[in-house]
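Down below is the structure, laid out as structure tokens.
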Amino acid sequence: MPLLSLCVHIVRLALHILESTIPGFSEFWLSLETLNYKGWRFPKAVHTPATLDRFLAYEPTEDDVIVATHPKCGTHWVTQMLLQLASCGQLDAFPHINCVAPWIDSKCVCDPHFYPQSPYSTKGTSLDTYATRPRIIKTHNPRYLTPFSSKAKYVVVCRNSFDVMVSMYHHASLFIPLIFLPFFPSFVRLFLRQHVEWNDGWWHARNEPNVLILHYEDIKADPRQCVERLAEFLHIEGVARAAGQQQQQHAGLIEAALHRSSFQYMKERGDVFSDFVSDQSLIRTGKVGGFAELFTPRLVQETYARLEAERLGLPVAGAAAGHRGGRHAGGPRGWCERQLSRLACACCTYLRA
């Protein structure tokens with residue numbers, strides 16, 4: 001076993017060196033576990049061109065609320081809030097969140113091998129059997145690969161890119177064979193820019209009247225305010241009246257949504273919010289600012305320099321060299337946080353109107 005581990009480590013190290021030195025090798029490495037669909041990278045374990053085509057061809061209706069998040073940005077958290085509000089607190093027990101909030105562009109909702117109890121598995125492409133009105137649909141797609149309609153509503157969740165990379169790396173280790181799992185610096189080079197572009201694309205839709213943009217960090221700091229904003233966005237008092245509830249029950253509905261979307265409640269029901277590929281719970285820590293767990297000060301500065309260079313159209317090597325050197329007051333973590341703030345401003349990872 002130690003010999004096998006050593007061999008795996010050597011292969012990973014060799015891939016890391018090749019990725020960082022040979023032009024074009026990154027594209028080859030990405031192709032091992034991802035597919036390129038219309039210029040965007042998707043994990044092969046989750047998507048096929050056919051499932052992505054199906055979602056892009058879907059015509060959203062006035063019954064649809066589409067939760068658009070990059071992976072590891074609170075997808076199930078916000079979806080659970082919306083499910084509780086849309087059902088007026090009646091949707092407590094379900095076998096898996098994908099059974100009540102369809103992920104149309106993935107394999108899981110249409111393949112009974114994954115979720116035989118999903119209505120989507122047994123009733124073709126009809127969404128009429130889903131549990132709530134409005135109907136909650138989730139996606140990780142970028143703006144240009146998401147069907148957009150003025151009839152539907154869109155809830156977009158942004159999160160700072162460095163925290164996302166750490167969370168994604170832990171998640172990727174659940175289903176990517178260790179021998180092909182990049183070392184963290186390579187993982188950041190391969191995937192961080194796509195997350196920045198995802199945020200940027202949806203940010204340009206922020207002034208649309210049917211788009212609500214939330215920030216993960218704000219939800220974490222004040223979940224009550226988030227639930228109340230979602231209720232207002234869904235006109236939830238009107239939904240409650242349609243369901244035969246009295247207006248005074250609105251406060252109780254907010255409390256129920258808060259309770260059932262709390263970290264403890266969802267953590268205790270990890271199988272309901274699990275990854276359908278690895279069957280592991282997707283509720284890990286939910287921390288804000290945990291990027292220093294894997295990001296060294298040097299990796300932060302190199303990452304910032306690379307993204308800034310790409311944004312400005314500068315040579316990456318020259319820009320990175322211009323950011324090297326010097327000691328920074330406050331220690332590595334304090335310096336990381338200041339660089340993260342600069343990165344956020346430059347690359348739309350944590351914008352404010």
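To be explicit about the labels: the chains of the structure tokens are called A, B, and onward in the order shown, and within each one the residues are counted from 1, while ligands get numbers from 1 in the order they are shown.
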
- Enumerate as a list in words all residues of region 169-216 of chain A assigned to strand (DSSP E or B) by DSSP on the backbone, naming them with the chain letters and numbers the document uses. Val211, Leu212, Ile213, Leu214 and His215 of chain A

Keeping only C-alpha atoms, write those residues as a PDB file, in the first residue's frame.
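Wrote result-v9.pdb, looks like this:
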```pdb
ATOM      1  CA  VAL A 211     -33.452  38.482 -11.242  1.00  0.00           C
ATOM      2  CA  LEU A 212     -32.463  38.509  -7.559  1.00  0.00           C
ATOM      3  CA  ILE A 213     -28.746  38.325  -6.817  1.00  0.00           C
ATOM      4  CA  LEU A 214     -27.708  37.147  -3.362  1.00  0.00           C
ATOM      5  CA  HIS A 215     -24.253  36.858  -1.840  1.00  0.00           C
TER       6      HIS A 215
END
```

With region 62-72 of chain A as the partner and 6 Å as the cut-off, tabulate the residues of region 151-170 of chain A that qualify, each row holding the nearest pair of atoms and their distance in Å to one decimal, using only C-alpha atoms, sorted by chain and rising number, as CSV.
```
residue,atom,partner,partner_atom,distance
A:Lys151,CA,A:Glu62,CA,4.6
A:Ala152,CA,A:Glu62,CA,4.8
A:Lys153,CA,A:Val65,CA,4.7
A:Tyr154,CA,A:Ile66,CA,4.8
A:Val155,CA,A:Val67,CA,4.8
A:Val156,CA,A:Ala68,CA,4.8
A:Val157,CA,A:Thr69,CA,5.2
A:Val164,CA,A:Lys72,CA,5.9
```

Pull C-alpha atoms from the residues just selected and write them as a tab-separated table (two decimals), in the first residue's frame.
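Written file, selection_26.tsv:
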```
chain	number	residue	atom	x	y	z
A	151	LYS	CA	-42.01	35.10	-17.30
A	152	ALA	CA	-39.77	33.17	-14.86
A	153	LYS	CA	-37.83	34.33	-11.80
A	154	TYR	CA	-34.11	33.78	-11.26
A	155	VAL	CA	-32.33	33.61	-7.91
A	156	VAL	CA	-28.56	33.91	-8.38
A	157	VAL	CA	-26.06	33.23	-5.59
A	164	VAL	CA	-15.38	28.25	-3.80
```

- From the list A:Ala251, A:Val46, A:Leu13, A:Leu192, which residue is nearest Phe162 (chain A) when using only C-alpha atoms?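 Of all the options, A:Leu192 lies closest to Phe162 (chain A).
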
- State, in Å with one decimal place, the distance from CA of Pro95 (chain A) to CA of Phe42 (chain A).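 If I compute the distance from CA of Pro95 (chain A) to CA of Phe42 (chain A), I get 26.0 Å.
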
- Please identify all polymer residues within 12 Å of Met168 (chain A), counting only C-alpha atoms, omitting same-chain residues fewer than 4 positions from it, and present them as a PyMOL selection string. chain A and resi 70-74+161-164+172-176+181+184+187-188+190-192+195+282+284+286+291+294

- Give the answer as one residue: which of A:Lys267, A:His259, A:Glu217, A:Phe183 has the shortest atom-to-atom distance to Val11 (chain A), using only C-alpha atoms? A:Phe183

- Check the smallest atom-to-atom distance from each of A:Tyr216, A:Phe148, A:Leu83, A:Cys108 to Ala231 (chain A) using only C-alpha atoms, then report the winner.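 Ranking A:Tyr216, A:Phe148, A:Leu83, A:Cys108 by distance to Ala231 (chain A), first place goes to A:Leu83.
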